[in-house]
file my_file.tsv (TSV, N, CA, C and O atoms)
chain	number	residue	atom	x	y	z
E	1	MET	N	11.43	5.30	5.89
E	1	MET	CA	12.65	6.04	5.70
E	1	MET	C	13.40	5.47	4.51
E	1	MET	O	13.54	4.26	4.37
E	2	ILE	N	13.88	6.31	3.69
E	2	ILE	CA	14.62	5.89	2.50
E	2	ILE	C	16.03	5.47	2.91
E	2	ILE	O	16.70	6.16	3.68
E	3	ASN	N	16.46	4.33	2.40
E	3	ASN	CA	17.82	3.87	2.66
E	3	ASN	C	18.75	4.61	1.71
E	3	ASN	O	18.88	4.28	0.54
E	4	LEU	N	19.40	5.63	2.22
E	4	LEU	CA	20.26	6.46	1.39
E	4	LEU	C	21.63	5.86	1.18
E	4	LEU	O	22.48	6.46	0.53
E	5	SER	N	21.86	4.66	1.70
E	5	SER	CA	23.14	4.01	1.45
E	5	SER	C	23.08	3.18	0.17
E	5	SER	O	24.06	2.58	-0.23
E	6	GLY	N	21.91	3.16	-0.48
E	6	GLY	CA	21.74	2.39	-1.70
E	6	GLY	C	22.22	3.13	-2.93
E	6	GLY	O	23.15	3.92	-2.89
E	7	ASP	N	21.56	2.88	-4.05
E	7	ASP	CA	21.94	3.43	-5.34
E	7	ASP	C	21.36	4.83	-5.48
E	7	ASP	O	20.16	5.01	-5.67
E	8	ILE	N	22.21	5.84	-5.40
E	8	ILE	CA	21.77	7.24	-5.42
E	8	ILE	C	22.40	7.95	-6.61
E	8	ILE	O	23.61	7.85	-6.84
E	9	HIS	N	21.56	8.66	-7.35
E	9	HIS	CA	22.03	9.40	-8.52
E	9	HIS	C	21.24	10.69	-8.64
E	9	HIS	O	20.11	10.80	-8.16
E	10	SER	N	21.81	11.64	-9.34
E	10	SER	CA	21.10	12.90	-9.57
E	10	SER	C	20.03	12.67	-10.64
E	10	SER	O	20.15	11.79	-11.49
E	11	LEU	N	18.99	13.48	-10.57
E	11	LEU	CA	17.92	13.41	-11.56
E	11	LEU	C	18.48	13.68	-12.96
E	11	LEU	O	18.11	13.00	-13.92
E	12	SER	N	19.38	14.63	-13.07
E	12	SER	CA	19.95	14.94	-14.39
E	12	SER	C	20.75	13.76	-14.93
E	12	SER	O	20.71	13.47	-16.13
E	13	ASP	N	21.47	13.04	-14.06
E	13	ASP	CA	22.20	11.85	-14.50
E	13	ASP	C	21.22	10.78	-14.98
E	13	ASP	O	21.44	10.12	-16.00
E	14	PHE	N	20.13	10.63	-14.26
E	14	PHE	CA	19.09	9.67	-14.65
E	14	PHE	C	18.50	10.04	-16.01
E	14	PHE	O	18.28	9.18	-16.86
E	15	GLN	N	18.26	11.32	-16.22
E	15	GLN	CA	17.70	11.77	-17.50
E	15	GLN	C	18.67	11.50	-18.65
E	15	GLN	O	18.24	11.13	-19.75
E	16	ARG	N	19.95	11.67	-18.42
E	16	ARG	CA	20.96	11.45	-19.47
E	16	ARG	C	21.16	9.96	-19.78
E	16	ARG	O	21.52	9.61	-20.90
E	17	HIS	N	20.95	9.09	-18.79
E	17	HIS	CA	21.25	7.66	-18.94
E	17	HIS	C	20.06	6.78	-18.56
E	17	HIS	O	20.24	5.72	-17.95
E	18	THR	N	18.88	7.21	-18.94
E	18	THR	CA	17.66	6.51	-18.54
E	18	THR	C	17.68	5.03	-18.92
E	18	THR	O	17.35	4.17	-18.09
E	19	SER	N	18.04	4.72	-20.14
E	19	SER	CA	17.98	3.31	-20.58
E	19	SER	C	18.92	2.43	-19.75
E	19	SER	O	18.57	1.29	-19.42
E	20	GLU	N	20.09	2.94	-19.40
E	20	GLU	CA	21.02	2.16	-18.57
E	20	GLU	C	20.45	1.93	-17.17
E	20	GLU	O	20.56	0.84	-16.61
E	21	PHE	N	19.82	2.96	-16.61
E	21	PHE	CA	19.22	2.81	-15.28
E	21	PHE	C	18.06	1.83	-15.31
E	21	PHE	O	17.89	1.03	-14.39
E	22	ILE	N	17.27	1.87	-16.37
E	22	ILE	CA	16.14	0.94	-16.48
E	22	ILE	C	16.66	-0.49	-16.55
E	22	ILE	O	16.15	-1.39	-15.87
E	23	ALA	N	17.69	-0.70	-17.35
E	23	ALA	CA	18.28	-2.04	-17.44
E	23	ALA	C	18.80	-2.50	-16.08
E	23	ALA	O	18.61	-3.66	-15.69
E	24	GLN	N	19.43	-1.61	-15.35
E	24	GLN	CA	19.97	-1.94	-14.03
E	24	GLN	C	18.85	-2.33	-13.07
E	24	GLN	O	18.95	-3.32	-12.35
E	25	MET	N	17.76	-1.55	-13.08
E	25	MET	CA	16.65	-1.83	-12.17
E	25	MET	C	15.99	-3.16	-12.52
E	25	MET	O	15.62	-3.92	-11.63
E	26	LYS	N	15.85	-3.45	-13.80
E	26	LYS	CA	15.26	-4.73	-14.21
E	26	LYS	C	16.15	-5.89	-13.79
E	26	LYS	O	15.67	-6.94	-13.37
E	27	GLU	N	17.45	-5.71	-13.90
E	27	GLU	CA	18.40	-6.77	-13.55
E	27	GLU	C	18.46	-7.00	-12.04
E	27	GLU	O	18.43	-8.14	-11.58
E	28	THR	N	18.53	-5.93	-11.27
E	28	THR	CA	18.71	-6.06	-9.82
E	28	THR	C	17.40	-6.11	-9.04
E	28	THR	O	17.36	-6.64	-7.95
E	29	GLY	N	16.35	-5.50	-9.61
E	29	GLY	CA	15.09	-5.40	-8.88
E	29	GLY	C	15.12	-4.37	-7.78
E	29	GLY	O	14.18	-4.26	-6.99
E	30	LYS	N	16.20	-3.60	-7.71
E	30	LYS	CA	16.33	-2.61	-6.64
E	30	LYS	C	16.02	-1.21	-7.18
E	30	LYS	O	16.36	-0.88	-8.31
E	31	PRO	N	15.42	-0.39	-6.34
E	31	PRO	CA	15.11	0.98	-6.76
E	31	PRO	C	16.34	1.87	-6.79
E	31	PRO	O	17.39	1.53	-6.25
E	32	ILE	N	16.16	3.02	-7.41
E	32	ILE	CA	17.21	4.03	-7.47
E	32	ILE	C	16.65	5.30	-6.83
E	32	ILE	O	15.53	5.71	-7.11
E	33	VAL	N	17.45	5.89	-5.96
E	33	VAL	CA	17.07	7.16	-5.33
E	33	VAL	C	17.64	8.28	-6.21
E	33	VAL	O	18.81	8.27	-6.56
E	34	LEU	N	16.76	9.22	-6.56
E	34	LEU	CA	17.19	10.36	-7.38
E	34	LEU	C	17.21	11.61	-6.53
E	34	LEU	O	16.31	11.86	-5.72
E	35	THR	N	18.26	12.39	-6.73
E	35	THR	CA	18.41	13.62	-5.96
E	35	THR	C	18.20	14.84	-6.85
E	35	THR	O	18.44	14.81	-8.05
E	36	VAL	N	17.73	15.89	-6.21
E	36	VAL	CA	17.62	17.20	-6.84
E	36	VAL	C	18.33	18.17	-5.91
E	36	VAL	O	17.99	18.25	-4.72
E	37	ASN	N	19.33	18.84	-6.44
E	37	ASN	CA	20.16	19.75	-5.64
E	37	ASN	C	20.75	19.04	-4.42
E	37	ASN	O	20.80	19.59	-3.33
E	38	GLY	N	21.16	17.78	-4.62
E	38	GLY	CA	21.81	17.02	-3.56
E	38	GLY	C	20.90	16.43	-2.51
E	38	GLY	O	21.36	15.81	-1.57
E	39	LYS	N	19.59	16.60	-2.67
E	39	LYS	CA	18.63	16.11	-1.68
E	39	LYS	C	17.77	15.01	-2.30
E	39	LYS	O	17.28	15.15	-3.43
E	40	ALA	N	17.59	13.89	-1.59
E	40	ALA	CA	16.76	12.80	-2.09
E	40	ALA	C	15.35	13.30	-2.33
E	40	ALA	O	14.70	13.86	-1.44
E	41	GLU	N	14.86	13.15	-3.57
E	41	GLU	CA	13.54	13.65	-3.94
E	41	GLU	C	12.63	12.58	-4.51
E	41	GLU	O	11.43	12.64	-4.34
E	42	LEU	N	13.20	11.59	-5.22
E	42	LEU	CA	12.39	10.59	-5.91
E	42	LEU	C	12.99	9.21	-5.73
E	42	LEU	O	14.20	9.06	-5.58
E	43	VAL	N	12.12	8.21	-5.78
E	43	VAL	CA	12.56	6.82	-5.83
E	43	VAL	C	11.93	6.22	-7.07
E	43	VAL	O	10.73	6.34	-7.29
E	44	VAL	N	12.76	5.60	-7.91
E	44	VAL	CA	12.30	5.00	-9.15
E	44	VAL	C	12.57	3.50	-9.07
E	44	VAL	O	13.64	3.08	-8.62
E	45	GLN	N	11.58	2.70	-9.51
E	45	GLN	CA	11.81	1.27	-9.55
E	45	GLN	C	11.05	0.66	-10.72
E	45	GLN	O	10.12	1.28	-11.26
E	46	ASP	N	11.44	-0.54	-11.12
E	46	ASP	CA	10.78	-1.17	-12.25
E	46	ASP	C	9.39	-1.66	-11.84
E	46	ASP	O	9.10	-1.85	-10.66
E	47	ALA	N	8.54	-1.86	-12.83
E	47	ALA	CA	7.15	-2.19	-12.58
E	47	ALA	C	6.98	-3.54	-11.87
E	47	ALA	O	6.12	-3.68	-10.99
E	48	VAL	N	7.79	-4.53	-12.22
E	48	VAL	CA	7.68	-5.84	-11.59
E	48	VAL	C	7.99	-5.75	-10.09
E	48	VAL	O	7.26	-6.30	-9.25
E	49	SER	N	9.04	-5.03	-9.74
E	49	SER	CA	9.38	-4.86	-8.33
E	49	SER	C	8.32	-4.07	-7.59
E	49	SER	O	8.00	-4.38	-6.43
E	50	TYR	N	7.76	-3.07	-8.24
E	50	TYR	CA	6.70	-2.28	-7.62
E	50	TYR	C	5.48	-3.14	-7.36
E	50	TYR	O	4.87	-3.08	-6.29
E	51	GLN	N	5.10	-3.99	-8.32
E	51	GLN	CA	3.96	-4.88	-8.13
E	51	GLN	C	4.21	-5.85	-6.99
E	51	GLN	O	3.31	-6.13	-6.19
E	52	LYS	N	5.44	-6.36	-6.88
E	52	LYS	CA	5.77	-7.25	-5.75
E	52	LYS	C	5.59	-6.52	-4.42
E	52	LYS	O	5.10	-7.08	-3.44
E	53	LEU	N	5.99	-5.26	-4.40
E	53	LEU	CA	5.84	-4.44	-3.19
E	53	LEU	C	4.36	-4.27	-2.84
E	53	LEU	O	3.96	-4.42	-1.68
E	54	LEU	N	3.54	-3.97	-3.85
E	54	LEU	CA	2.10	-3.83	-3.61
E	54	LEU	C	1.49	-5.15	-3.13
E	54	LEU	O	0.65	-5.14	-2.21
E	55	ASP	N	1.89	-6.26	-3.73
E	55	ASP	CA	1.38	-7.56	-3.32
E	55	ASP	C	1.75	-7.87	-1.88
E	55	ASP	O	0.93	-8.39	-1.11
E	56	MET	N	2.99	-7.55	-1.50
E	56	MET	CA	3.42	-7.79	-0.13
E	56	MET	C	2.64	-6.92	0.86
E	56	MET	O	2.24	-7.39	1.93
E	57	MET	N	2.40	-5.68	0.49
E	57	MET	CA	1.61	-4.80	1.36
E	57	MET	C	0.19	-5.36	1.54
E	57	MET	O	-0.33	-5.37	2.66
E	58	GLU	N	-0.42	-5.81	0.47
E	58	GLU	CA	-1.76	-6.38	0.56
E	58	GLU	C	-1.75	-7.63	1.46
E	58	GLU	O	-2.64	-7.80	2.30
E	59	TYR	N	-0.75	-8.47	1.30
E	59	TYR	CA	-0.61	-9.66	2.12
E	59	TYR	C	-0.49	-9.30	3.60
E	59	TYR	O	-1.16	-9.88	4.47
E	60	LEU	N	0.38	-8.33	3.90
E	60	LEU	CA	0.58	-7.92	5.29
E	60	LEU	C	-0.67	-7.27	5.88
E	60	LEU	O	-0.99	-7.49	7.06
E	61	GLU	N	-1.39	-6.50	5.08
E	61	GLU	CA	-2.64	-5.90	5.56
E	61	GLU	C	-3.68	-6.98	5.85
E	61	GLU	O	-4.42	-6.90	6.84
E	62	THR	N	-3.71	-8.01	5.02
E	62	THR	CA	-4.64	-9.13	5.24
E	62	THR	C	-4.27	-9.87	6.52
E	62	THR	O	-5.15	-10.19	7.33
E	63	LEU	N	-2.98	-10.14	6.72
E	63	LEU	CA	-2.55	-10.80	7.95
E	63	LEU	C	-2.91	-9.98	9.19
E	63	LEU	O	-3.35	-10.52	10.20
E	64	ALA	N	-2.72	-8.66	9.09
E	64	ALA	CA	-3.05	-7.79	10.23
E	64	ALA	C	-4.55	-7.84	10.52
E	64	ALA	O	-4.95	-7.87	11.69
E	65	ALA	N	-5.37	-7.86	9.47
E	65	ALA	CA	-6.82	-7.92	9.67
E	65	ALA	C	-7.23	-9.25	10.29
E	65	ALA	O	-8.09	-9.29	11.18
E	66	ILE	N	-6.62	-10.33	9.85
E	66	ILE	CA	-6.91	-11.65	10.42
E	66	ILE	C	-6.49	-11.68	11.89
E	66	ILE	O	-7.24	-12.15	12.76
E	67	LYS	N	-5.32	-11.15	12.18
E	67	LYS	CA	-4.83	-11.11	13.56
E	67	LYS	C	-5.78	-10.30	14.44
E	67	LYS	O	-6.11	-10.70	15.56
E	68	GLN	N	-6.26	-9.16	13.92
E	68	GLN	CA	-7.21	-8.34	14.69
E	68	GLN	C	-8.52	-9.09	14.90
E	68	GLN	O	-9.09	-9.05	15.98
E	69	GLY	N	-8.98	-9.78	13.86
E	69	GLY	CA	-10.21	-10.56	14.00
E	69	GLY	C	-10.09	-11.65	15.04
E	69	GLY	O	-11.00	-11.86	15.85
E	70	LEU	N	-8.96	-12.35	15.04
E	70	LEU	CA	-8.74	-13.39	16.05
E	70	LEU	C	-8.66	-12.80	17.45
E	70	LEU	O	-9.19	-13.38	18.42
E	71	ALA	N	-8.02	-11.64	17.58
E	71	ALA	CA	-7.95	-10.98	18.88
E	71	ALA	C	-9.34	-10.57	19.34
E	71	ALA	O	-9.67	-10.69	20.53
E	72	ASP	N	-10.17	-10.10	18.42
E	72	ASP	CA	-11.55	-9.73	18.77
E	72	ASP	C	-12.34	-10.95	19.24
E	72	ASP	O	-13.10	-10.87	20.21
E	73	VAL	N	-12.16	-12.08	18.57
E	73	VAL	CA	-12.85	-13.31	18.98
E	73	VAL	C	-12.38	-13.72	20.37
E	73	VAL	O	-13.19	-14.03	21.25
E	74	ASN	N	-11.06	-13.70	20.59
E	74	ASN	CA	-10.52	-14.10	21.90
E	74	ASN	C	-10.96	-13.17	23.02
E	74	ASN	O	-11.09	-13.59	24.16
E	75	ALA	N	-11.17	-11.89	22.70
E	75	ALA	CA	-11.59	-10.91	23.72
E	75	ALA	C	-13.11	-10.78	23.78
E	75	ALA	O	-13.63	-9.91	24.46
E	76	ASP	N	-13.81	-11.64	23.06
E	76	ASP	CA	-15.27	-11.65	23.02
E	76	ASP	C	-15.84	-10.31	22.55
E	76	ASP	O	-16.84	-9.82	23.08
E	77	ARG	N	-15.18	-9.71	21.55
E	77	ARG	CA	-15.66	-8.46	20.95
E	77	ARG	C	-16.34	-8.76	19.62
E	77	ARG	O	-16.02	-8.18	18.59
E	78	THR	N	-17.23	-9.72	19.65
E	78	THR	CA	-17.94	-10.12	18.44
E	78	THR	C	-19.43	-10.09	18.68
E	78	THR	O	-19.89	-9.95	19.81
E	79	SER	N	-20.18	-10.19	17.61
E	79	SER	CA	-21.64	-10.28	17.73
E	79	SER	C	-22.12	-11.41	16.84
E	79	SER	O	-21.43	-11.83	15.90
E	80	SER	N	-23.30	-11.89	17.14
E	80	SER	CA	-23.86	-12.98	16.34
E	80	SER	C	-24.33	-12.44	15.00
E	80	SER	O	-24.50	-11.23	14.82
E	81	LEU	N	-24.58	-13.35	14.07
E	81	LEU	CA	-25.09	-12.95	12.76
E	81	LEU	C	-26.44	-12.27	12.92
E	81	LEU	O	-26.72	-11.27	12.25
E	82	ALA	N	-27.27	-12.78	13.81
E	82	ALA	CA	-28.60	-12.18	14.03
E	82	ALA	C	-28.47	-10.75	14.53
E	82	ALA	O	-29.20	-9.86	14.07
E	83	GLU	N	-27.52	-10.49	15.45
E	83	GLU	CA	-27.31	-9.13	15.95
E	83	GLU	C	-26.82	-8.21	14.84
E	83	GLU	O	-27.27	-7.07	14.71
E	84	PHE	N	-25.91	-8.72	14.03
E	84	PHE	CA	-25.39	-7.94	12.91
E	84	PHE	C	-26.52	-7.59	11.94
E	84	PHE	O	-26.64	-6.45	11.50
E	85	GLN	N	-27.34	-8.58	11.60
E	85	GLN	CA	-28.44	-8.34	10.67
E	85	GLN	C	-29.42	-7.31	11.23
E	85	GLN	O	-29.91	-6.45	10.50
E	86	GLN	N	-29.68	-7.37	12.52
E	86	GLN	CA	-30.59	-6.41	13.15
E	86	GLN	C	-30.01	-4.99	13.06
E	86	GLN	O	-30.72	-4.05	12.71
E	87	LYS	N	-28.73	-4.84	13.35
E	87	LYS	CA	-28.10	-3.52	13.28
E	87	LYS	C	-28.11	-2.98	11.85
E	87	LYS	O	-28.38	-1.80	11.62
E	88	MET	N	-27.85	-3.83	10.88
E	88	MET	CA	-27.86	-3.40	9.48
E	88	MET	C	-29.27	-3.02	9.04
E	88	MET	O	-29.46	-2.05	8.30
E	89	GLN	N	-30.26	-3.77	9.50
E	89	GLN	CA	-31.65	-3.45	9.16
E	89	GLN	C	-32.04	-2.10	9.75
E	89	GLN	O	-32.71	-1.29	9.09
E	90	GLU	N	-31.61	-1.82	10.98
E	90	GLU	CA	-31.89	-0.53	11.60
E	90	GLU	C	-31.23	0.61	10.82
E	90	GLU	O	-31.85	1.65	10.59
E	91	LYS	N	-29.99	0.40	10.41
E	91	LYS	CA	-29.30	1.43	9.62
E	91	LYS	C	-29.98	1.64	8.28
E	91	LYS	O	-30.13	2.79	7.83
E	92	LEU	N	-30.41	0.56	7.64
E	92	LEU	CA	-31.09	0.67	6.36
E	92	LEU	C	-32.41	1.41	6.52
E	92	LEU	O	-32.75	2.29	5.72
E	93	SER	N	-33.15	1.07	7.56
E	93	SER	CA	-34.43	1.75	7.81
E	93	SER	C	-34.22	3.24	8.06
E	93	SER	O	-34.96	4.08	7.55
E	94	TYR	N	-33.20	3.57	8.85
E	94	TYR	CA	-32.90	4.97	9.13
E	94	TYR	C	-32.55	5.71	7.83
E	94	TYR	O	-33.03	6.81	7.58
E	95	PHE	N	-31.73	5.09	7.01
E	95	PHE	CA	-31.33	5.69	5.74
E	95	PHE	C	-32.55	5.92	4.84
E	95	PHE	O	-32.70	6.98	4.23
E	96	GLN	N	-33.41	4.92	4.76
E	96	GLN	CA	-34.58	5.03	3.89
E	96	GLN	C	-35.54	6.12	4.35
E	96	GLN	O	-36.10	6.84	3.53
E	97	THR	N	-35.70	6.30	5.66
E	97	THR	CA	-36.57	7.36	6.15
E	97	THR	C	-35.91	8.72	6.04
E	97	THR	O	-36.57	9.73	5.82
E	98	SER	N	-34.58	8.77	6.15
E	98	SER	CA	-33.86	10.04	6.06
E	98	SER	C	-33.89	10.62	4.67
E	98	SER	O	-33.94	11.83	4.48
E	99	CYS	N	-33.82	9.74	3.67
E	99	CYS	CA	-33.74	10.25	2.30
E	99	CYS	C	-35.10	10.18	1.59
E	99	CYS	O	-35.19	10.46	0.41
E	100	ASN	N	-36.13	9.74	2.30
E	100	ASN	CA	-37.47	9.61	1.72
E	100	ASN	C	-37.46	8.70	0.50
E	100	ASN	O	-38.08	9.00	-0.53
E	101	CYS	N	-36.75	7.59	0.57
E	101	CYS	CA	-36.64	6.67	-0.56
E	101	CYS	C	-37.84	5.73	-0.62
E	101	CYS	O	-38.35	5.25	0.28
call {"tool": "encode", "arguments": {"input": "my_file.tsv", "output": "C-alpha coordinates"}}
result
Amino acid sequence: MINLSGDIHSLSDFQRHTSEFIAQMKETGKPIVLTVNGKAELVVQDAVSYQKLLDMMEYLETLAAIKQGLADVNADRTSSLAEFQQKMQEKLSYFQTSCNC
(Lines of atoms letter the chains of each structure in order from A and count residues from 1; the text may use other names and numbers.)
(Lines give C-alpha, C1' and ligand atoms only; values in the text may rest on other atoms or scores of the structure.)
Protein backbone atom coordinates (compact mmCIF):
# COMPACT_ATOMS: atom_id res chain seq x y z
CA MET A 1 0.00 0.00 0.00
CA ILE A 2 1.32 3.41 -0.89
CA ASN A 3 1.81 5.78 2.02
CA LEU A 4 -0.21 8.72 0.78
CA SER A 5 0.75 10.85 3.76
CA GLY A 6 4.20 11.32 2.22
CA ASP A 7 5.40 13.62 -0.55
CA ILE A 8 2.57 13.86 -3.10
CA HIS A 9 2.59 16.00 -6.23
CA SER A 10 0.80 16.13 -9.54
CA LEU A 11 2.50 14.68 -12.59
CA SER A 12 2.30 18.07 -14.29
CA ASP A 13 4.04 19.72 -11.32
CA PHE A 14 6.75 17.06 -11.51
CA GLN A 15 7.17 17.70 -15.23
CA ARG A 16 7.54 21.45 -14.66
CA HIS A 17 10.05 21.08 -11.79
CA THR A 18 11.81 17.79 -12.53
CA SER A 19 15.31 18.93 -11.57
CA GLU A 20 14.13 20.20 -8.17
CA PHE A 21 12.32 16.93 -7.46
CA ILE A 22 15.38 14.91 -8.47
CA ALA A 23 17.55 16.95 -6.13
CA GLN A 24 15.02 16.43 -3.31
CA MET A 25 14.91 12.67 -3.86
CA LYS A 26 18.70 12.41 -3.91
CA GLU A 27 18.93 14.45 -0.71
CA THR A 28 16.19 12.67 1.25
CA GLY A 29 16.26 9.22 -0.35
CA LYS A 30 12.47 9.23 -0.18
CA PRO A 31 10.17 8.59 -3.12
CA ILE A 32 7.59 10.98 -4.49
CA VAL A 33 4.02 9.94 -5.25
CA LEU A 34 2.70 11.46 -8.47
CA THR A 35 -0.97 11.95 -9.10
CA VAL A 36 -2.98 12.10 -12.30
CA ASN A 37 -6.38 13.74 -11.98
CA GLY A 38 -5.98 13.69 -8.19
CA LYS A 39 -5.37 9.94 -8.00
CA ALA A 40 -2.03 8.35 -7.04
CA GLU A 41 -0.65 6.81 -10.24
CA LEU A 42 3.15 6.71 -10.03
CA VAL A 43 5.94 6.48 -7.50
CA VAL A 44 9.30 7.98 -8.47
CA GLN A 45 12.53 7.48 -6.57
CA ASP A 46 16.24 7.94 -7.14
CA ALA A 47 18.33 5.05 -8.43
CA VAL A 48 20.40 4.61 -5.25
CA SER A 49 17.28 4.26 -3.09
CA TYR A 50 15.72 1.88 -5.60
CA GLN A 51 18.84 -0.31 -5.56
CA LYS A 52 18.76 -0.36 -1.75
CA LEU A 53 15.14 -1.50 -1.96
CA LEU A 54 16.05 -4.29 -4.39
CA ASP A 55 18.97 -5.37 -2.19
CA MET A 56 16.71 -5.50 0.86
CA MET A 57 14.14 -7.58 -1.01
CA GLU A 58 16.83 -10.03 -2.10
CA TYR A 59 18.11 -10.25 1.48
CA LEU A 60 14.62 -10.90 2.85
CA GLU A 61 13.91 -13.53 0.19
CA THR A 62 17.17 -15.26 1.09
CA LEU A 63 16.28 -15.21 4.79
CA ALA A 64 12.85 -16.65 4.01
CA ALA A 65 14.41 -19.44 1.95
CA ILE A 66 16.87 -20.27 4.73
CA LYS A 67 14.05 -20.27 7.28
CA GLN A 68 12.02 -22.62 5.06
CA GLY A 69 15.03 -24.89 4.62
CA LEU A 70 15.59 -25.09 8.36
CA ALA A 71 11.89 -25.81 8.92
CA ASP A 72 12.11 -28.61 6.32
CA VAL A 73 15.12 -30.11 8.11
CA ASN A 74 13.36 -29.90 11.49
CA ALA A 75 10.23 -31.53 10.05
CA ASP A 76 12.31 -34.22 8.33
CA ARG A 77 11.16 -33.11 4.86
CA THR A 78 14.55 -33.71 3.31
CA SER A 79 16.20 -36.37 1.21
CA SER A 80 19.73 -37.65 1.03
CA LEU A 81 22.11 -36.64 -1.74
CA ALA A 82 21.88 -40.17 -3.15
CA GLU A 83 18.06 -39.94 -3.31
CA PHE A 84 18.28 -36.55 -4.99
CA GLN A 85 20.79 -37.83 -7.54
CA GLN A 86 18.56 -40.82 -8.31
CA LYS A 87 15.52 -38.59 -8.88
CA MET A 88 17.49 -36.25 -11.14
CA GLN A 89 18.87 -39.20 -13.11
CA GLU A 90 15.33 -40.52 -13.61
CA LYS A 91 14.15 -37.10 -14.82
CA LEU A 92 17.13 -36.80 -17.16
CA SER A 93 16.50 -40.27 -18.57
CA TYR A 94 12.82 -39.47 -19.09
CA PHE A 95 13.71 -36.22 -20.85
CA GLN A 96 16.26 -37.91 -23.10
CA THR A 97 13.80 -40.62 -24.17
CA SER A 98 10.97 -38.11 -24.63
CA CYS A 99 12.89 -35.88 -26.98
CA ASN A 100 14.85 -38.68 -28.71
CA CYS A 101 18.14 -36.96 -27.82
call {"tool": "select_by_dssp", "arguments": {"input": "my_file.tsv", "residues": "chain E", "states": "helix (DSSP H, G or I)", "output": "number ranges by chain"}}
result
E: 11-16, 18-28, 47-74, 81-98
call {"tool": "atom_distance", "arguments": {"input": "my_file.tsv", "atom1": "atom CA of E:Gly38", "atom2": "atom CA of E:Ser12"}}
result
11.2 Å
call {"tool": "select_by_dssp", "arguments": {"input": "my_file.tsv", "residues": "chain E", "states": "strand (DSSP E)", "output": "list in words"}}
result
Ile8, His9, Ser10, Ile32, Val33, Leu34, Thr35, Val36, Lys39, Ala40, Glu41, Leu42, Val43 and Val44 of chain E
call {"tool": "residues_around", "arguments": {"input": "my_file.tsv", "residues": "E:Asp13", "least_positions_apart": "5", "cutoff": "10 Å", "atoms": "only C-alpha atoms", "output": "ChimeraX atom specification"}}
result
/E:18,21,34-35
call {"tool": "closest_atom_pairs", "arguments": {"input": "my_file.tsv", "of": "stretch 14-37 of chain E", "to": "stretch 42-54 of chain E", "cutoff": "4.5 Å", "atoms": "all atoms listed in the file", "output": "tab-separated table"}}
result
residue	atom	partner	partner_atom	distance
E:Pro31	CA	E:Val44	O	3.2
E:Ile32	N	E:Val44	O	2.8
E:Val33	CA	E:Leu42	O	3.5
E:Leu34	N	E:Leu42	O	2.7
call {"tool": "write_last_selection", "arguments": {"input": "my_file.tsv", "atoms": "N, CA, C and O atoms", "output": "CSV table (one decimal), in the frame of the given file"}}
result
chain,number,residue,atom,x,y,z
E,31,PRO,N,15.4,-0.4,-6.3
E,31,PRO,CA,15.1,1.0,-6.8
E,31,PRO,C,16.3,1.9,-6.8
E,31,PRO,O,17.4,1.5,-6.2
E,32,ILE,N,16.2,3.0,-7.4
E,32,ILE,CA,17.2,4.0,-7.5
E,32,ILE,C,16.6,5.3,-6.8
E,32,ILE,O,15.5,5.7,-7.1
E,33,VAL,N,17.4,5.9,-6.0
E,33,VAL,CA,17.1,7.2,-5.3
E,33,VAL,C,17.6,8.3,-6.2
E,33,VAL,O,18.8,8.3,-6.6
E,34,LEU,N,16.8,9.2,-6.6
E,34,LEU,CA,17.2,10.4,-7.4
E,34,LEU,C,17.2,11.6,-6.5
E,34,LEU,O,16.3,11.9,-5.7
call {"tool": "atom_distance", "arguments": {"input": "my_file.tsv", "atom1": "atom CA of E:Ser93", "atom2": "atom CA of E:Arg77"}}
result
25.1 Å
call {"tool": "atom_distance", "arguments": {"input": "my_file.tsv", "atom1": "atom C of E:Ala82", "atom2": "atom N of E:Glu61"}}
result
29.0 Å
call {"tool": "closest_residue", "arguments": {"input": "my_file.tsv", "among": "E:Glu58, E:Asp72, E:Gln85, E:His9", "to": "E:Lys39", "atoms": "all atoms listed in the file"}}
result
E:His9
